[in-house]
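Asker: To start, I am sharing the structure in question, which I have written as structure tokens.
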Amino acid sequence: MTIIDRFFKNKRSGDYAKGRLQMMLVADRTNCSPELMEAIKKDIIDVLAKYVEIDKDKLDIQIETDAGTNDGSAPVLLANIPIKSMRNR
Amino acid sequence: MGEVIVITSGKGGVGKTTTTANVGTGLAKLNKKVVLIDTDIGLRNLDVVMGLENRIVYNLVDVVEGNCRIKQALIKDKRCPNLYLLPSAQTRDKTSVNPEQMKKLVEDLKSEGFDYILLDCPAGIEQGFKNAIAGADRALVVTTPEVSAIRDADRIIGLLEANEMKHTHLIVNRIRMDMVKRGDMMSMDDVVEILAIDIIGAVPDDENIVVATNQGEPLVGNDTMAGKAYMNICHRILGEEVPFLDLDKKGFFKRLGDILKKN
């Protein structure tokens, strides 16, 4: 990374490490590969897109094991999908 | 009644043995009767870190196989009168002992009146790991702020949960505050957030650890950052609330040196 890159992108290697780990552990904890995760994501988007207009840049779909929404043992699918507008049918 | 604590990590080289030596010595300095058990059969290390390698007569496998009595195999520490080591066997392998035998061993040690029985776990998740956690009441998971060590720690935490470990706490080892500050190392808080378990200690990367290990003398309790951090862990194990050290604290001359270096 050059000095200019560092100046413009303030994401440092520690942030990369954290981000990579979070992705890795989701896959490890659920035995769910990143490819499978992408496939699930794509299908969810395709279904929703039939009815609403989705902000694809801001959507966030994750599988978590410690979501606090259950006893912590079973994985939970969390989806945060911003809707731009409803499609008029 | 004695408490059995296993020190584990998954990944090798993150500081399990150093942690075992220092936490054990620290608890002994706080007037507890402590025994350290090296469960890494075939790769014996704890004796060297403790500086007791010349005193070994019998080992863990001898005790388990009944070649000697427990008391004959226990090595008394040089410095602390209430600290003992049960060394591992160097010429055997992990299949020499099974989890049932380990459970019996720790029960026997409890009845010898030990307050704390510390088990130094081997790296990996195979038989050696299963042996080490079998009789434990509590686990200390050691990790460093690196992706590989944290990933392995997460796996270990999952396995400990699956084995119904009652208490599991995290120790983040080898933190370099200079790197954390400039964003090139994950902070203690980052690691805790990712692993989602309670932290019991944060130990800085300290050259004094290397010096202490060279000399075979744990540095817990002395006036170094790592020595203080380890002593704090001991107090927390005893149930005391101790604030976390400011790992960034530098002496006046070190600061002055840094300023001069910059200019």
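Here, A, B, ... name the chains of the structure tokens in the order displayed, residue numbers run from 1 inside each chain, and ligands are numbered from 1 in the same displayed order.
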Within 12 Å of chain A, which residues belong to chain B? Use only C-alpha atoms and report them as a PyMOL selection string.
Answerer: chain B and resi 145-159+161-162+179-197
Asker: Quick one: residues within 12 Å of Lys50 of chain A, only C-alpha atoms counted, chain neighbours fewer than 2 positions away excluded, as an NGL selection string?
Answerer: :A and (43-48 or 52-54 or 85-89)
Asker: Residues within 10 Å of Leu46 of chain B, please, as an NGL selection string. Count only C-alpha atoms; anything in the same chain fewer than 4 positions from it doesn't count.
Answerer: :B and (16-18 or 20-21 or 36-40 or 50-53 or 85-88 or 120 or 216)
Asker: Grab the residues selected above and save them as a PDB file, in the first residue's frame with C-alpha atoms.
Answerer:
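Contents of out09.pdb, freshly written:
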```pdb
ATOM      1  CA  LYS B  16      -0.235 -21.384  26.486  1.00  0.00           C
ATOM      2  CA  THR B  17       2.815 -22.664  28.318  1.00  0.00           C
ATOM      3  CA  THR B  18       4.023 -19.181  29.287  1.00  0.00           C
ATOM      4  CA  THR B  20       0.332 -21.625  32.539  1.00  0.00           C
ATOM      5  CA  ALA B  21       3.741 -20.981  34.133  1.00  0.00           C
ATOM      6  CA  LEU B  36       0.845 -27.426  37.066  1.00  0.00           C
ATOM      7  CA  ILE B  37       0.355 -30.391  34.765  1.00  0.00           C
ATOM      8  CA  ASP B  38       2.022 -30.494  31.364  1.00  0.00           C
ATOM      9  CA  THR B  39      -0.385 -32.555  29.241  1.00  0.00           C
ATOM     10  CA  ASP B  40       1.560 -32.193  25.993  1.00  0.00           C
ATOM     11  CA  MET B  50       9.657 -23.152  34.867  1.00  0.00           C
ATOM     12  CA  GLY B  51      13.406 -23.895  35.010  1.00  0.00           C
ATOM     13  CA  LEU B  52      12.792 -27.342  36.517  1.00  0.00           C
ATOM     14  CA  GLU B  53      14.023 -29.520  33.654  1.00  0.00           C
ATOM     15  CA  LEU B  85       4.886 -29.415  38.578  1.00  0.00           C
ATOM     16  CA  LEU B  86       3.807 -32.722  37.107  1.00  0.00           C
ATOM     17  CA  PRO B  87       5.919 -32.943  33.953  1.00  0.00           C
ATOM     18  CA  SER B  88       4.925 -34.631  30.724  1.00  0.00           C
ATOM     19  CA  ASP B 120      -1.240 -26.907  30.024  1.00  0.00           C
ATOM     20  CA  GLY B 216      13.511 -20.381  33.381  1.00  0.00           C
TER      21      GLY B 216
END
```
Asker: Using backbone DSSP assignments, extract all helix (DSSP H, G or I) residues from segment 9-40 of chain A; output them as an MDAnalysis selection string.
Answerer: chainID A and resid 13:30 34:40
Asker: Filtering to N, CA, C and O atoms, could you give me those residues as an mmCIF file, in the first residue's frame?
Answerer:
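To be explicit, this is the file written out as out.cif:
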```cif
data_model
loop_
_atom_site.group_PDB
_atom_site.id
_atom_site.type_symbol
_atom_site.label_atom_id
_atom_site.label_comp_id
_atom_site.auth_asym_id
_atom_site.auth_seq_id
_atom_site.Cartn_x
_atom_site.Cartn_y
_atom_site.Cartn_z
ATOM 1 N N SER A 13 -4.934 -2.244 8.111
ATOM 2 C CA SER A 13 -4.872 -3.707 8.058
ATOM 3 C C SER A 13 -5.642 -4.372 9.197
ATOM 4 O O SER A 13 -6.183 -5.459 9.037
ATOM 5 N N GLY A 14 -5.704 -3.701 10.348
ATOM 6 C CA GLY A 14 -6.472 -4.244 11.468
ATOM 7 C C GLY A 14 -7.952 -4.380 11.126
ATOM 8 O O GLY A 14 -8.603 -5.352 11.488
ATOM 9 N N ASP A 15 -8.472 -3.401 10.379
ATOM 10 C CA ASP A 15 -9.876 -3.457 9.966
ATOM 11 C C ASP A 15 -10.113 -4.601 8.983
ATOM 12 O O ASP A 15 -11.127 -5.280 9.034
ATOM 13 N N TYR A 16 -9.137 -4.778 8.074
ATOM 14 C CA TYR A 16 -9.251 -5.887 7.133
ATOM 15 C C TYR A 16 -9.286 -7.212 7.886
ATOM 16 O O TYR A 16 -10.080 -8.092 7.591
ATOM 17 N N ALA A 17 -8.396 -7.335 8.869
ATOM 18 C CA ALA A 17 -8.315 -8.574 9.646
ATOM 19 C C ALA A 17 -9.652 -8.855 10.313
ATOM 20 O O ALA A 17 -10.167 -9.971 10.262
ATOM 21 N N LYS A 18 -10.231 -7.828 10.905
ATOM 22 C CA LYS A 18 -11.494 -7.995 11.618
ATOM 23 C C LYS A 18 -12.615 -8.403 10.664
ATOM 24 O O LYS A 18 -13.364 -9.336 10.933
ATOM 25 N N GLY A 19 -12.674 -7.706 9.539
ATOM 26 C CA GLY A 19 -13.699 -8.014 8.551
ATOM 27 C C GLY A 19 -13.568 -9.429 8.020
ATOM 28 O O GLY A 19 -14.551 -10.171 7.922
ATOM 29 N N ARG A 20 -12.333 -9.822 7.704
ATOM 30 C CA ARG A 20 -12.109 -11.172 7.174
ATOM 31 C C ARG A 20 -12.493 -12.218 8.210
ATOM 32 O O ARG A 20 -13.112 -13.225 7.891
ATOM 33 N N LEU A 21 -12.112 -11.968 9.454
ATOM 34 C CA LEU A 21 -12.434 -12.927 10.514
ATOM 35 C C LEU A 21 -13.929 -13.086 10.685
ATOM 36 O O LEU A 21 -14.438 -14.197 10.839
ATOM 37 N N GLN A 22 -14.638 -11.962 10.658
ATOM 38 C CA GLN A 22 -16.081 -12.040 10.852
ATOM 39 C C GLN A 22 -16.736 -12.899 9.770
ATOM 40 O O GLN A 22 -17.599 -13.721 10.059
ATOM 41 N N MET A 23 -16.272 -12.741 8.535
ATOM 42 C CA MET A 23 -16.806 -13.559 7.432
ATOM 43 C C MET A 23 -16.443 -15.030 7.637
ATOM 44 O O MET A 23 -17.261 -15.920 7.486
ATOM 45 N N MET A 24 -15.172 -15.252 8.001
ATOM 46 C CA MET A 24 -14.664 -16.609 8.183
ATOM 47 C C MET A 24 -15.435 -17.352 9.269
ATOM 48 O O MET A 24 -15.814 -18.497 9.110
ATOM 49 N N LEU A 25 -15.657 -16.657 10.382
ATOM 50 C CA LEU A 25 -16.270 -17.324 11.528
ATOM 51 C C LEU A 25 -17.740 -17.640 11.287
ATOM 52 O O LEU A 25 -18.247 -18.635 11.789
ATOM 53 N N VAL A 26 -18.401 -16.796 10.500
ATOM 54 C CA VAL A 26 -19.792 -17.105 10.149
ATOM 55 C C VAL A 26 -19.818 -18.439 9.422
ATOM 56 O O VAL A 26 -20.616 -19.332 9.740
ATOM 57 N N ALA A 27 -18.914 -18.599 8.470
ATOM 58 C CA ALA A 27 -18.849 -19.844 7.712
ATOM 59 C C ALA A 27 -18.458 -21.018 8.621
ATOM 60 O O ALA A 27 -19.069 -22.084 8.572
ATOM 61 N N ASP A 28 -17.455 -20.787 9.496
ATOM 62 C CA ASP A 28 -16.998 -21.859 10.395
ATOM 63 C C ASP A 28 -18.094 -22.312 11.354
ATOM 64 O O ASP A 28 -18.325 -23.494 11.553
ATOM 65 N N ARG A 29 -18.754 -21.336 11.945
ATOM 66 C CA ARG A 29 -19.714 -21.651 13.010
ATOM 67 C C ARG A 29 -20.945 -22.357 12.487
ATOM 68 O O ARG A 29 -21.590 -23.099 13.197
ATOM 69 N N THR A 30 -21.310 -22.089 11.262
ATOM 70 C CA THR A 30 -22.539 -22.666 10.726
ATOM 71 C C THR A 30 -22.272 -23.778 9.729
ATOM 72 O O THR A 30 -23.196 -24.354 9.195
ATOM 73 N N PRO A 34 -18.847 -19.709 2.033
ATOM 74 C CA PRO A 34 -19.157 -18.377 1.491
ATOM 75 C C PRO A 34 -19.954 -18.454 0.183
ATOM 76 O O PRO A 34 -20.816 -17.613 -0.072
ATOM 77 N N GLU A 35 -19.707 -19.505 -0.605
ATOM 78 C CA GLU A 35 -20.440 -19.653 -1.865
ATOM 79 C C GLU A 35 -21.933 -19.866 -1.591
ATOM 80 O O GLU A 35 -22.797 -19.274 -2.235
ATOM 81 N N LEU A 36 -22.210 -20.737 -0.607
ATOM 82 C CA LEU A 36 -23.594 -21.020 -0.250
ATOM 83 C C LEU A 36 -24.279 -19.743 0.243
ATOM 84 O O LEU A 36 -25.417 -19.438 -0.109
ATOM 85 N N MET A 37 -23.527 -18.987 1.039
ATOM 86 C CA MET A 37 -24.038 -17.729 1.584
ATOM 87 C C MET A 37 -24.424 -16.777 0.447
ATOM 88 O O MET A 37 -25.490 -16.147 0.466
ATOM 89 N N GLU A 38 -23.541 -16.688 -0.565
ATOM 90 C CA GLU A 38 -23.807 -15.824 -1.720
ATOM 91 C C GLU A 38 -25.052 -16.284 -2.464
ATOM 92 O O GLU A 38 -25.864 -15.468 -2.909
ATOM 93 N N ALA A 39 -25.195 -17.608 -2.582
ATOM 94 C CA ALA A 39 -26.353 -18.152 -3.303
ATOM 95 C C ALA A 39 -27.640 -17.813 -2.559
ATOM 96 O O ALA A 39 -28.634 -17.411 -3.178
ATOM 97 N N ILE A 40 -27.606 -17.958 -1.217
ATOM 98 C CA ILE A 40 -28.793 -17.631 -0.412
ATOM 99 C C ILE A 40 -29.151 -16.153 -0.603
ATOM 100 O O ILE A 40 -30.302 -15.785 -0.842
#
```
Asker: What is the atom CA of Ile200 of chain B to atom CA of Asn163 of chain B distance in Å?
Answerer: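 Between atom CA of Ile200 of chain B and atom CA of Asn163 of chain B the gap is 20.8 Å.
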Asker: Just how far from atom CA of Val49 of chain B is atom CA of Glu217 of chain B, in Å to one decimal?
Answerer: 6.8 Å
Asker: Could you list, as a list of chain:residue names, every residue within 6 Å of segment 25-30 of chain B, counting only C-alpha atoms and ignoring same-chain residues fewer than 4 positions away?
Answerer: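 The residues satisfying every condition are B:Val34, B:Leu83, B:Val220, B:Met231, B:Cys234.
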Asker: For the residues selected in the previous step, produce a file with C-alpha atoms as a JSON list (two decimals), in the first residue's frame.
Answerer:
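Once everything was written out, this is part.json:
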```json
[["chain", "number", "residue", "atom", "x", "y", "z"],
["B", 34, "VAL", "CA", -0.97, -25.03, 43.06],
["B", 83, "LEU", "CA", 3.90, -24.77, 43.83],
["B", 220, "VAL", "CA", 4.54, -12.77, 37.14],
["B", 231, "MET", "CA", -0.71, -10.96, 38.26],
["B", 234, "CYS", "CA", -4.44, -14.30, 38.98]]
```
Asker: Would you work out the distance separating atom CA of Arg44 of chain B from atom CA of Tyr116 of chain B, expressed in Å to one decimal?
Answerer: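 Computed distance, atom CA of Arg44 of chain B to atom CA of Tyr116 of chain B, equals 20.9 Å.
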